[in-house]
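S.K.: run_34.cif is reproduced in full below (mmCIF, C-alpha atoms).
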data_target
loop_
_atom_site.label_atom_id
_atom_site.label_comp_id
_atom_site.auth_asym_id
_atom_site.auth_seq_id
_atom_site.Cartn_x
_atom_site.Cartn_y
_atom_site.Cartn_z
CA MET Q 106 6.34 20.51 9.59
CA LYS Q 107 8.90 17.72 9.64
CA LYS Q 108 9.57 16.16 6.24
CA TYR Q 109 11.10 12.83 5.29
CA LYS Q 110 14.15 13.09 3.03
CA VAL Q 111 13.47 10.72 0.16
CA GLY Q 112 15.89 9.99 -2.67
CA ILE Q 113 14.70 8.86 -6.10
CA ILE Q 114 17.00 6.83 -8.33
CA ARG Q 115 16.01 7.00 -12.00
CA VAL Q 116 17.29 4.10 -14.08
CA LEU Q 117 17.07 6.14 -17.28
CA THR Q 118 20.06 8.35 -18.01
CA THR Q 119 19.01 11.80 -19.15
CA VAL Q 120 20.28 15.37 -19.19
CA ASP Q 121 16.74 16.66 -19.86
CA GLU Q 122 15.63 18.09 -16.50
CA SER Q 123 11.91 17.71 -17.30
CA ILE Q 124 12.40 13.96 -17.85
CA LEU Q 125 14.85 13.57 -14.97
CA LEU Q 126 12.47 15.22 -12.51
CA SER Q 127 9.18 13.85 -13.89
CA HIS Q 128 8.72 11.26 -11.10
CA GLN Q 129 9.81 13.72 -8.42
CA GLU Q 130 7.20 16.18 -9.66
CA ILE Q 131 4.39 13.62 -9.48
CA LEU Q 132 5.46 12.61 -5.96
CA SER Q 133 5.81 16.19 -4.74
CA ASP Q 134 2.26 16.95 -5.94
CA PHE Q 135 0.74 14.24 -3.79
CA PHE Q 136 3.13 13.41 -0.94
CA LYS Q 137 3.58 16.63 1.00
CA ASP Q 138 5.60 14.84 3.70
CA PHE Q 139 8.49 14.15 1.31
CA ASP Q 140 11.53 16.34 0.76
CA LEU Q 141 12.63 14.87 -2.58
CA GLU Q 142 15.83 14.67 -4.58
CA THR Q 143 16.54 12.76 -7.82
CA GLN Q 144 19.62 11.19 -9.37
CA CYS Q 145 19.88 9.04 -12.49
CA ILE Q 146 22.36 6.24 -13.12
CA PRO Q 147 25.01 6.88 -15.81
CA ASP Q 148 25.21 5.52 -19.38
CA GLN Q 149 21.79 3.92 -19.61
CA TYR Q 150 19.98 6.04 -22.20
CA GLU Q 151 17.30 3.44 -22.94
CA GLY Q 152 16.70 2.63 -19.27
CA ILE Q 153 15.99 -1.00 -18.31
CA HIS Q 154 13.97 -3.10 -20.74
CA ASP Q 155 15.53 -6.58 -20.72
CA ASP Q 156 17.89 -8.81 -18.71
CA LYS Q 157 21.02 -7.26 -20.22
CA THR Q 158 20.07 -3.68 -19.35
CA LEU Q 159 18.89 -4.87 -15.91
CA ASN Q 160 22.20 -6.55 -15.14
CA GLU Q 161 24.10 -3.46 -16.24
CA ALA Q 162 22.00 -1.22 -14.01
CA VAL Q 163 22.14 -3.17 -10.73
CA PRO Q 164 25.77 -2.40 -9.68
CA LYS Q 165 25.30 1.26 -10.67
CA ILE Q 166 22.20 1.52 -8.47
CA ILE Q 167 23.93 -0.18 -5.53
CA LYS Q 168 26.90 2.18 -5.72
CA MET Q 169 24.67 5.26 -5.97
CA ALA Q 170 22.49 4.07 -3.05
CA LYS Q 171 25.47 3.41 -0.73
CA ASP Q 172 26.98 6.83 -1.47
CA TRP Q 173 23.63 8.53 -0.85
CA GLU Q 174 22.24 6.69 2.19
CA ASP Q 175 23.68 8.98 4.88
CA ARG Q 176 21.64 11.93 3.64
CA LEU Q 177 18.30 10.09 3.29
CA ASP Q 178 15.41 8.71 5.36
CA GLY Q 179 14.27 6.49 2.50
CA LEU Q 180 15.22 5.53 -1.06
CA ILE Q 181 12.94 4.88 -4.04
CA ILE Q 182 14.24 2.91 -7.02
CA SER Q 183 11.78 4.32 -9.51
CA CYS Q 184 11.51 1.32 -11.83
CA ALA Q 185 8.91 -1.45 -12.04
CA GLY Q 186 11.61 -4.10 -12.44
CA ASP Q 187 12.68 -3.37 -8.83
CA PRO Q 188 16.35 -3.48 -9.86
CA ALA Q 189 18.71 -3.92 -6.88
CA VAL Q 190 15.83 -3.58 -4.40
CA LYS Q 191 16.30 -7.03 -2.82
CA GLU Q 192 20.07 -6.55 -2.64
CA LEU Q 193 19.76 -3.08 -1.09
CA LYS Q 194 17.37 -4.31 1.62
CA ASN Q 195 20.35 -6.24 3.01
CA ILE Q 196 22.85 -3.42 2.49
CA LEU Q 197 21.08 -0.21 3.55
CA LYS Q 198 19.66 0.68 6.96
CA ILE Q 199 16.99 2.99 5.49
CA PRO Q 200 13.85 1.62 3.78
CA VAL Q 201 14.17 0.90 0.05
CA VAL Q 202 11.14 0.70 -2.22
CA GLY Q 203 10.73 -0.24 -5.88
CA ALA Q 204 7.77 0.52 -8.11
CA GLY Q 205 7.10 -3.12 -9.06
CA HIS Q 206 6.27 -4.69 -5.70
CA SER Q 207 4.41 -1.51 -4.74
CA VAL Q 208 2.13 -1.59 -7.78
CA ALA Q 209 1.53 -5.33 -7.58
CA THR Q 210 0.52 -5.29 -3.92
CA ILE Q 211 -1.59 -2.14 -4.12
CA SER Q 212 -3.50 -3.39 -7.16
CA ARG Q 213 -5.15 -6.06 -5.00
CA ASN Q 214 -6.85 -3.38 -2.95
CA TYR Q 215 -8.72 -2.40 -6.13
CA GLY Q 216 -9.63 -5.65 -7.84
CA GLU Q 217 -9.30 -9.39 -8.28
CA LYS Q 218 -8.21 -9.69 -11.92
CA VAL Q 219 -5.14 -7.61 -12.55
CA GLY Q 220 -4.18 -6.69 -16.11
CA ILE Q 221 -0.58 -5.49 -16.49
CA ILE Q 222 0.93 -3.11 -19.05
CA GLY Q 223 4.71 -2.88 -19.42
CA ILE Q 224 7.61 -2.69 -21.87
CA GLU Q 225 9.37 -6.01 -21.34
CA LYS Q 226 8.46 -9.20 -23.21
CA GLU Q 227 6.74 -10.58 -20.14
CA ALA Q 228 5.40 -9.21 -16.87
CA PRO Q 229 8.19 -8.58 -14.31
CA PRO Q 230 8.59 -11.66 -12.04
CA THR Q 231 7.64 -9.70 -8.89
CA TYR Q 232 4.15 -9.11 -10.28
CA ILE Q 233 3.58 -12.81 -10.93
CA ASP Q 234 5.06 -13.76 -7.57
CA ILE Q 235 2.80 -11.37 -5.67
CA LEU Q 236 -0.40 -11.70 -7.70
CA LYS Q 237 -0.32 -15.44 -8.43
CA ASP Q 238 -3.77 -16.40 -9.80
CA ASN Q 239 -4.95 -12.80 -9.57
CA PHE Q 240 -2.67 -12.08 -12.55
CA LEU Q 241 -5.05 -11.88 -15.52
CA GLY Q 242 -2.75 -11.02 -18.39
CA TYR Q 243 0.08 -8.89 -19.70
CA GLU Q 244 0.35 -6.51 -22.64
CA LYS Q 245 3.32 -4.72 -24.15
CA PRO Q 246 2.01 -1.81 -26.23
CA ASN Q 247 2.62 -2.40 -29.96
CA LYS Q 248 6.09 -1.39 -31.22
CA VAL Q 249 7.12 -0.10 -27.78
CA GLU Q 250 10.61 -1.42 -27.00
CA ASN Q 251 11.85 0.97 -24.31
CA THR Q 252 10.63 3.74 -22.03
CA ASN Q 253 11.27 6.48 -24.62
CA ASP Q 254 8.86 4.81 -27.08
CA LEU Q 255 6.04 5.36 -24.55
CA GLN Q 256 6.39 9.12 -24.90
CA THR Q 257 5.58 9.27 -28.66
CA ASP Q 258 2.09 9.75 -30.16
CA GLU Q 259 2.24 6.25 -31.63
CA GLY Q 260 3.32 4.83 -28.26
CA LYS Q 261 0.48 6.58 -26.47
CA LYS Q 262 -2.11 5.19 -28.89
CA ALA Q 263 -0.68 1.71 -28.35
CA ILE Q 264 -1.00 2.10 -24.56
CA VAL Q 265 -4.73 2.77 -24.94
CA GLU Q 266 -5.11 -0.28 -27.18
CA SER Q 267 -3.35 -2.48 -24.60
CA ALA Q 268 -5.61 -1.19 -21.83
CA LYS Q 269 -8.76 -1.83 -23.88
CA LYS Q 270 -7.59 -5.35 -24.70
CA LEU Q 271 -6.93 -6.24 -21.06
CA LYS Q 272 -10.27 -4.82 -19.98
CA LYS Q 273 -12.03 -6.85 -22.69
CA GLU Q 274 -10.27 -9.97 -21.39
CA GLY Q 275 -11.84 -9.32 -17.98
CA ALA Q 276 -9.38 -7.16 -16.05
CA ASP Q 277 -11.06 -5.27 -13.20
CA VAL Q 278 -7.90 -3.25 -12.46
CA LEU Q 279 -4.92 -2.21 -14.61
CA ALA Q 280 -1.44 -2.14 -13.11
CA PHE Q 281 1.47 -0.36 -14.75
CA ALA Q 282 4.72 -2.33 -14.99
CA CYS Q 283 6.86 0.55 -16.23
CA THR Q 284 7.33 3.93 -14.58
CA GLY Q 285 7.74 5.39 -18.08
CA LEU Q 286 3.93 5.14 -18.12
CA SER Q 287 3.92 7.64 -15.24
CA THR Q 288 6.24 9.96 -17.18
CA ALA Q 289 3.86 9.66 -20.17
CA LYS Q 290 0.96 10.47 -17.83
CA ALA Q 291 -0.74 7.36 -19.17
CA TYR Q 292 -3.47 7.58 -16.52
CA LYS Q 293 -4.71 10.66 -18.41
CA LEU Q 294 -4.78 8.77 -21.71
CA LEU Q 295 -6.89 6.09 -20.06
CA ARG Q 296 -9.69 8.34 -18.80
CA SER Q 297 -12.23 6.44 -20.91
CA ILE Q 298 -11.28 3.07 -19.36
CA ASP Q 299 -13.61 2.86 -16.37
CA ILE Q 300 -11.60 0.54 -14.16
CA PRO Q 301 -8.94 1.59 -11.63
CA ILE Q 302 -5.39 2.18 -12.88
CA ILE Q 303 -2.43 1.72 -10.57
CA ASP Q 304 0.34 4.15 -11.35
CA GLY Q 305 3.90 3.09 -10.53
CA VAL Q 306 5.14 6.39 -9.14
CA ILE Q 307 2.08 6.89 -6.92
CA ALA Q 308 2.39 3.28 -5.72
CA GLU Q 309 6.09 3.57 -4.83
CA GLY Q 310 5.34 6.83 -3.00
CA THR Q 311 2.55 5.15 -1.08
CA ILE Q 312 4.68 2.21 0.07
CA MET Q 313 7.61 4.52 0.88
CA LEU Q 314 5.33 6.56 3.14
CA ASN Q 315 4.07 3.40 4.83
CA LYS Q 316 7.63 2.23 5.52
CA LEU Q 317 8.71 5.61 6.88
CA ILE Q 318 5.68 5.72 9.18
CA GLU Q 319 6.23 2.14 10.39
CA ASN Q 320 9.87 3.04 11.13
CA GLU Q 321 8.89 6.16 13.00
CA MET Q 322 6.25 4.35 15.06
CA ARG Q 323 8.69 1.71 16.17
CA SER Q 324 11.36 4.22 17.14
CA GLU Q 325 8.93 6.41 19.11
CA MET T 56 -3.30 23.14 2.41
CA LYS T 57 -6.20 21.15 1.03
CA LYS T 58 -7.19 18.18 3.17
CA TYR T 59 -9.15 15.05 2.38
CA LYS T 60 -12.23 14.53 4.54
CA VAL T 61 -11.95 10.96 5.79
CA GLY T 62 -14.55 9.20 7.93
CA ILE T 63 -13.63 6.36 10.27
CA ILE T 64 -16.25 3.79 11.25
CA ARG T 65 -15.39 1.94 14.44
CA VAL T 66 -17.11 -1.41 14.82
CA LEU T 67 -16.75 -1.33 18.60
CA THR T 68 -19.46 0.56 20.46
CA THR T 69 -18.00 2.78 23.15
CA VAL T 70 -18.80 5.98 25.04
CA ASP T 71 -15.15 6.27 26.14
CA GLU T 72 -13.74 9.06 23.95
CA SER T 73 -10.14 7.85 24.32
CA ILE T 74 -11.12 4.45 22.90
CA LEU T 75 -13.48 5.89 20.30
CA LEU T 76 -10.83 8.23 18.93
CA SER T 77 -7.80 5.94 19.32
CA HIS T 78 -7.59 5.10 15.60
CA GLN T 79 -8.25 8.69 14.57
CA GLU T 80 -5.38 9.81 16.80
CA ILE T 81 -2.93 7.36 15.24
CA LEU T 82 -4.00 8.42 11.73
CA SER T 83 -3.84 12.14 12.52
CA ASP T 84 -0.27 11.73 13.83
CA PHE T 85 0.97 10.29 10.54
CA PHE T 86 -1.40 11.36 7.75
CA LYS T 87 -1.35 15.14 7.74
CA ASP T 88 -3.50 15.26 4.56
CA PHE T 89 -6.53 13.83 6.38
CA ASP T 90 -9.29 15.80 8.06
CA LEU T 91 -10.69 13.00 10.23
CA GLU T 92 -13.97 12.22 11.95
CA THR T 93 -15.02 9.03 13.80
CA GLN T 94 -18.33 7.32 14.45
CA CYS T 95 -18.99 3.94 16.06
CA ILE T 96 -21.82 1.54 15.27
CA PRO T 97 -24.47 1.06 17.99
CA ASP T 98 -24.96 -1.90 20.37
CA GLN T 99 -21.78 -3.81 19.64
CA TYR T 100 -19.82 -3.55 22.89
CA GLU T 101 -17.51 -6.47 22.10
CA GLY T 102 -16.89 -5.40 18.51
CA ILE T 103 -16.62 -8.07 15.81
CA HIS T 104 -14.97 -11.36 16.76
CA ASP T 105 -16.97 -14.11 15.05
CA ASP T 106 -19.53 -14.71 12.27
CA LYS T 107 -22.49 -13.74 14.45
CA THR T 108 -21.05 -10.37 15.48
CA LEU T 109 -19.91 -9.80 11.88
CA ASN T 110 -23.38 -10.40 10.47
CA GLU T 111 -24.90 -8.08 13.07
CA ALA T 112 -22.45 -5.32 12.22
CA VAL T 113 -22.72 -5.29 8.40
CA PRO T 114 -26.17 -3.63 8.02
CA LYS T 115 -25.28 -1.07 10.72
CA ILE T 116 -22.10 -0.15 8.86
CA ILE T 117 -23.92 0.13 5.52
CA LYS T 118 -26.58 2.43 6.99
CA MET T 119 -23.99 4.63 8.68
CA ALA T 120 -21.87 4.82 5.49
CA LYS T 121 -24.82 5.82 3.28
CA ASP T 122 -25.91 8.57 5.68
CA TRP T 123 -22.37 9.90 5.91
CA GLU T 124 -21.10 9.67 2.31
CA ASP T 125 -22.12 13.18 1.20
CA ARG T 126 -19.78 14.81 3.70
CA LEU T 127 -16.72 12.64 2.95
CA ASP T 128 -13.95 12.15 0.37
CA GLY T 129 -13.20 8.64 1.65
CA LEU T 130 -14.40 6.15 4.27
CA ILE T 131 -12.33 3.78 6.42
CA ILE T 132 -13.98 0.76 8.03
CA SER T 133 -11.45 0.37 10.81
CA CYS T 134 -11.64 -3.40 11.27
CA ALA T 135 -9.44 -6.20 9.95
CA GLY T 136 -12.47 -8.32 9.02
CA ASP T 137 -13.30 -5.72 6.33
CA PRO T 138 -17.00 -5.86 7.29
CA ALA T 139 -19.29 -4.42 4.59
CA VAL T 140 -16.29 -3.23 2.53
CA LYS T 141 -17.16 -5.31 -0.56
CA GLU T 142 -20.83 -4.33 -0.36
CA LEU T 143 -20.02 -0.62 0.08
CA LYS T 144 -17.72 -0.61 -2.97
CA ASN T 145 -20.87 -1.15 -5.05
CA ILE T 146 -23.00 1.31 -3.07
CA LEU T 147 -20.79 4.36 -2.41
CA LYS T 148 -19.14 6.66 -4.95
CA ILE T 149 -16.26 7.53 -2.60
CA PRO T 150 -13.37 5.11 -1.93
CA VAL T 151 -13.92 2.63 0.92
CA VAL T 152 -11.02 0.92 2.67
CA GLY T 153 -10.85 -1.81 5.31
CA ALA T 154 -7.91 -2.68 7.53
CA GLY T 155 -7.76 -6.34 6.46
CA HIS T 156 -7.01 -6.09 2.74
CA SER T 157 -4.74 -3.12 3.48
CA VAL T 158 -2.58 -5.03 5.97
CA ALA T 159 -2.47 -8.19 3.87
CA THR T 160 -1.33 -6.42 0.70
CA ILE T 161 1.15 -4.11 2.40
CA SER T 162 2.77 -6.98 4.32
CA ARG T 163 4.15 -8.37 1.04
CA ASN T 164 6.27 -5.25 0.59
CA TYR T 165 8.11 -6.29 3.75
CA GLY T 166 8.53 -10.04 3.56
CA GLU T 167 7.72 -13.39 2.03
CA LYS T 168 6.46 -15.36 5.04
CA VAL T 169 3.67 -13.52 6.76
CA GLY T 170 2.70 -14.42 10.33
CA ILE T 171 -0.71 -13.13 11.38
CA ILE T 172 -1.99 -12.20 14.84
CA GLY T 173 -5.73 -11.71 15.41
CA ILE T 174 -8.65 -12.42 17.71
CA GLU T 175 -10.84 -14.74 15.64
CA LYS T 176 -10.41 -18.52 15.60
CA GLU T 177 -8.76 -18.37 12.19
CA ALA T 178 -7.14 -15.71 10.02
CA PRO T 179 -9.73 -13.52 8.24
CA PRO T 180 -10.46 -14.93 4.74
CA THR T 181 -9.13 -11.78 2.98
CA TYR T 182 -5.64 -12.44 4.37
CA ILE T 183 -5.58 -15.99 3.03
CA ASP T 184 -7.05 -14.92 -0.30
CA ILE T 185 -4.44 -12.21 -0.80
CA LEU T 186 -1.38 -13.93 0.67
CA LYS T 187 -1.97 -17.48 -0.58
CA ASP T 188 1.27 -19.45 -0.02
CA ASN T 189 2.91 -16.41 1.57
CA PHE T 190 0.65 -17.00 4.58
CA LEU T 191 2.93 -18.65 7.15
CA GLY T 192 0.66 -19.08 10.13
CA TYR T 193 -1.92 -17.56 12.44
CA GLU T 194 -1.98 -16.98 16.18
CA LYS T 195 -4.76 -15.85 18.51
CA PRO T 196 -3.16 -14.60 21.74
CA ASN T 197 -3.96 -16.92 24.65
CA LYS T 198 -7.33 -16.23 26.37
CA VAL T 199 -8.06 -13.26 24.11
CA GLU T 200 -11.65 -13.54 22.87
CA ASN T 201 -12.48 -9.98 21.82
CA THR T 202 -10.82 -6.63 21.22
CA ASN T 203 -11.22 -5.53 24.87
CA ASP T 204 -9.13 -8.51 26.04
CA LEU T 205 -6.17 -7.11 24.05
CA GLN T 206 -6.05 -4.04 26.29
CA THR T 207 -5.35 -5.92 29.57
CA ASP T 208 -1.88 -6.74 30.97
CA GLU T 209 -2.52 -10.43 30.46
CA GLY T 210 -3.67 -9.81 26.90
CA LYS T 211 -0.57 -7.76 26.15
CA LYS T 212 1.74 -10.52 27.43
CA ALA T 213 -0.11 -13.02 25.25
CA ILE T 214 0.39 -10.81 22.17
CA VAL T 215 4.16 -10.89 22.71
CA GLU T 216 4.06 -14.70 23.07
CA SER T 217 2.13 -15.03 19.80
CA ALA T 218 4.63 -12.83 17.98
CA LYS T 219 7.60 -14.80 19.32
CA LYS T 220 5.97 -18.07 18.27
CA LEU T 221 5.32 -16.88 14.71
CA LYS T 222 8.85 -15.57 14.37
CA LYS T 223 10.24 -18.89 15.60
CA GLU T 224 8.14 -20.66 12.98
CA GLY T 225 9.89 -18.60 10.32
CA ALA T 226 7.80 -15.45 9.84
CA ASP T 227 9.81 -12.61 8.29
CA VAL T 228 6.97 -10.11 8.79
CA LEU T 229 4.07 -9.93 11.28
CA ALA T 230 0.68 -8.66 10.15
CA PHE T 231 -2.04 -7.61 12.56
CA ALA T 232 -5.51 -8.98 11.90
CA CYS T 233 -7.30 -6.87 14.49
CA THR T 234 -7.27 -3.10 14.80
CA GLY T 235 -7.62 -3.58 18.58
CA LEU T 236 -3.88 -4.30 18.35
CA SER T 237 -3.43 -0.71 17.15
CA THR T 238 -5.51 0.57 20.07
CA ALA T 239 -3.29 -1.51 22.40
CA LYS T 240 -0.22 0.01 20.70
CA ALA T 241 1.02 -3.53 20.22
CA TYR T 242 3.84 -2.36 17.95
CA LYS T 243 5.41 -0.87 21.10
CA LEU T 244 5.10 -4.17 22.97
CA LEU T 245 6.90 -5.88 20.11
CA ARG T 246 10.03 -3.69 20.04
CA SER T 247 12.21 -6.70 20.82
CA ILE T 248 10.90 -8.65 17.81
CA ASP T 249 13.28 -7.60 15.08
CA ILE T 250 11.06 -8.22 12.05
CA PRO T 251 8.65 -5.70 10.50
CA ILE T 252 5.17 -5.37 12.00
CA ILE T 253 2.26 -4.22 9.88
CA ASP T 254 -0.20 -2.18 11.89
CA GLY T 255 -3.84 -2.19 10.77
CA VAL T 256 -4.60 1.47 11.31
CA ILE T 257 -1.41 2.64 9.54
CA ALA T 258 -2.15 0.20 6.69
CA GLU T 259 -5.74 1.38 6.21
CA GLY T 260 -4.53 5.00 6.25
CA THR T 261 -1.90 4.18 3.64
CA ILE T 262 -4.34 2.53 1.24
CA MET T 263 -6.92 5.29 1.83
CA LEU T 264 -4.33 7.88 0.82
CA ASN T 265 -3.42 5.86 -2.28
CA LYS T 266 -7.08 5.69 -3.34
CA LEU T 267 -7.67 9.40 -2.75
CA ILE T 268 -4.57 10.28 -4.79
CA GLU T 269 -5.52 7.89 -7.63
CA ASN T 270 -8.99 9.50 -7.69
CA GLU T 271 -7.56 12.98 -7.74
CA MET T 272 -5.09 12.14 -10.53
CA ARG T 273 -7.83 10.77 -12.74
CA SER T 274 -10.11 13.75 -12.22
CA GLU T 275 -7.35 16.32 -12.87
#
The structure in this file should be written as structure tokens.

M.R.:
Amino acid sequence: MKKYKVGIIRVLTTVDESILLSHQEILSDFFKDFDLETQCIPDQYEGIHDDKTLNEAVPKIIKMAKDWEDRLDGLIISCAGDPAVKELKNILKIPVVGAGHSVATISRNYGEKVGIIGIEKEAPPTYIDILKDNFLGYEKPNKVENTNDLQTDEGKKAIVESAKKLKKEGADVLAFACTGLSTAKAYKLLRSIDIPIIDGVIAEGTIMLNKLIENEMRSE
Amino acid sequence: MKKYKVGIIRVLTTVDESILLSHQEILSDFFKDFDLETQCIPDQYEGIHDDKTLNEAVPKIIKMAKDWEDRLDGLIISCAGDPAVKELKNILKIPVVGAGHSVATISRNYGEKVGIIGIEKEAPPTYIDILKDNFLGYEKPNKVENTNDLQTDEGKKAIVESAKKLKKEGADVLAFACTGLSTAKAYKLLRSIDIPIIDGVIAEGTIMLNKLIENEMRSE
């Protein structure tokens, strides 16, 4: 069986293999057509959580993507802020997918009023741009300032509180705006919330597969 | 390898196996996780192409879906008008996907200005509802009145003309609003149009897979 070679760029620097490969492991469980490999950008131990850390990450992602392109069919930037995704669409020949636009678009197949949970002060601009008046509200879990804070017991409790609040406000679907929520397996924490939950890593995998298929169809 | 049992409801009545199974064949080429089966609704030889044919189709689709649900993991209504999809979401326990909302949402991962090609007088309401000001324009290929007209030489020429017109008007992505365009393999006709083309059958397969994965994750 032919597989698509898909690269994953993590925007969180880590030497812990279980964290480094956490998105790859989720994708390999559900997307059997992908032959996956992961790299993380250097010197970014708190990932991307504001404009400063975003601006620092973009040139690192672009360099890594250019160096890697020749060996890939597609590239996932596994971050809901979609850092460097627009730039790379004009630079690379292979499809590039970020978690943010993937989650935002997919959420509308599940509901009309999208509640968003993330780690920045406000919802990433892509979500607002795509959802427009289907954006219901945004919550940053209490005391969570970066992706690492989502992995603690306190962080996990706060995620559940955010989800409950958004549901109470009328959300009929919850969309994650941080792939750290995938690492934390937040969808498991939210079992009791009986509305759909759109996971960033599953969403980026879904849109990557769509782009690879569209490419293949056109080149047939 | 475990496969998802996915049913496809065709809203065009046909005894021609090659037409009946045309969507199933596209899906089976690209979605190896699906174990597919197709049924078509009765007495609808011109498919759905206006309000009257839509209203006739809805109860037939609902009956077929209810009778079939027990043997399926997911159900695709393979039509861009998403007939009965909203109703079935409240009736069935398995995920239900239509081509329309799938194409509309996925198109925004490819571009900002979405040009739509379909066979009704206007773009299906789901497309407008999802795309809002990212909807650039709509074209019905000249003299095409129903899905069968898309399969003729004249129909195929008219599809290319519609695509060229939308691109000239500024579309940066083309979205199909009729799955008859998948049957006609319109993406092949449009090789010379160098903007992305979102195929309805590939889109509905993509969103079906996303929903099956999300379901499986939550029940793990």

S.K.: What's the 8 Å shell around stretch 158-166 of chain Q, counting only C-alpha atoms, without same-chain residues fewer than 2 positions away, as a PyMOL selection string?

M.R.: chain Q and resi 114+116+146-147+149+152-156+168-170+188-189

S.K.: Please save C-alpha atoms of the selected residues as a short mmCIF file (atom, residue, chain, number, x, y, z; two decimals), in the frame of the given file.

M.R.:
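Once everything was written out, this is selection-v2.cif:
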data_model
loop_
_atom_site.label_atom_id
_atom_site.label_comp_id
_atom_site.auth_asym_id
_atom_site.auth_seq_id
_atom_site.Cartn_x
_atom_site.Cartn_y
_atom_site.Cartn_z
CA ILE Q 114 17.00 6.83 -8.33
CA VAL Q 116 17.29 4.10 -14.08
CA ILE Q 146 22.36 6.24 -13.12
CA PRO Q 147 25.01 6.88 -15.81
CA GLN Q 149 21.79 3.92 -19.61
CA GLY Q 152 16.70 2.63 -19.27
CA ILE Q 153 15.99 -1.00 -18.31
CA HIS Q 154 13.97 -3.10 -20.74
CA ASP Q 155 15.53 -6.58 -20.72
CA ASP Q 156 17.89 -8.81 -18.71
CA LYS Q 168 26.90 2.18 -5.72
CA MET Q 169 24.67 5.26 -5.97
CA ALA Q 170 22.49 4.07 -3.05
CA PRO Q 188 16.35 -3.48 -9.86
CA ALA Q 189 18.71 -3.92 -6.88
#

S.K.: Step by step, work through what the PyMOL selection byres ((chain T) within 9 of (chain Q)) selects in the shown file, and finish by giving those residues as number ranges by chain.

M.R.: T: 85-88, 152, 156-157, 159-165, 185-187, 189, 242-243, 245-246, 251-254, 257-258, 260-262, 264-266, 268-270, 272-275

S.K.: Can you tell me how far atom CA of Q:Ala276 sits from atom CA of Q:Leu241, in Å to one decimal?

M.R.: 6.4 Å

S.K.: How would you write as a list in words the residues that get within 9 Å of (-3.9, -2.1, -23.7) in the file's frame, counting only C-alpha atoms?

M.R.: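 Checking each residue against the 9 Å limit leaves Gly220, Ile221, Ile222, Tyr243, Glu244, Lys245, Pro246, Ala263, Ile264, Val265, Glu266, Ser267, Ala268, Lys269, Lys270, Leu271 and Lys272 of chain Q.
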
S.K.: Just how far from atom CA of T:Val140 is atom CA of Q:Ile300, in Å to one decimal?

M.R.: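 Atom CA of T:Val140 lies at a distance of 17.7 Å from atom CA of Q:Ile300.
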
S.K.: Rounded to one decimal in Å, what is the spacing between atom CA of T:Gly235 and atom CA of T:Gly192?

M.R.: 19.5 Å

S.K.: List every protein, DNA or RNA residue with an atom no more than 8 Å from (11.0, 0.1, -24.1) in the file's coordinates, counting all atoms listed in the file, and format the result as a short mmCIF file (atom, residue, chain, number, x, y, z; two decimals) with C-alpha atoms, keeping the file's coordinate frame.

M.R.:
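part-v4.cif, written as the output of this step:
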data_model
loop_
_atom_site.label_atom_id
_atom_site.label_comp_id
_atom_site.auth_asym_id
_atom_site.auth_seq_id
_atom_site.Cartn_x
_atom_site.Cartn_y
_atom_site.Cartn_z
CA GLU Q 151 17.30 3.44 -22.94
CA GLY Q 152 16.70 2.63 -19.27
CA ILE Q 153 15.99 -1.00 -18.31
CA HIS Q 154 13.97 -3.10 -20.74
CA ILE Q 224 7.61 -2.69 -21.87
CA GLU Q 225 9.37 -6.01 -21.34
CA VAL Q 249 7.12 -0.10 -27.78
CA GLU Q 250 10.61 -1.42 -27.00
CA ASN Q 251 11.85 0.97 -24.31
CA THR Q 252 10.63 3.74 -22.03
CA ASN Q 253 11.27 6.48 -24.62
CA ASP Q 254 8.86 4.81 -27.08
CA LEU Q 255 6.04 5.36 -24.55
#

S.K.: Could you write out as lines of an AutoDock Vina configuration file the box around stretch 92-106 of chain T (axis-aligned, all atoms listed in the file, 4 Å on each side), with centre and edge lengths in Å to one decimal?

M.R.:
center_x = -19.5
center_y = -1.2
center_z = 17.4
size_x = 19.0
size_y = 34.9
size_z = 18.9

S.K.: List the spatial neighbours of T:Ser73 as a ChimeraX atom specification - criterion: any atom at most 12 Å away, all atoms listed in the file, same-chain residues fewer than 4 positions off excluded.

M.R.: /T:69,77-81,93,238-239
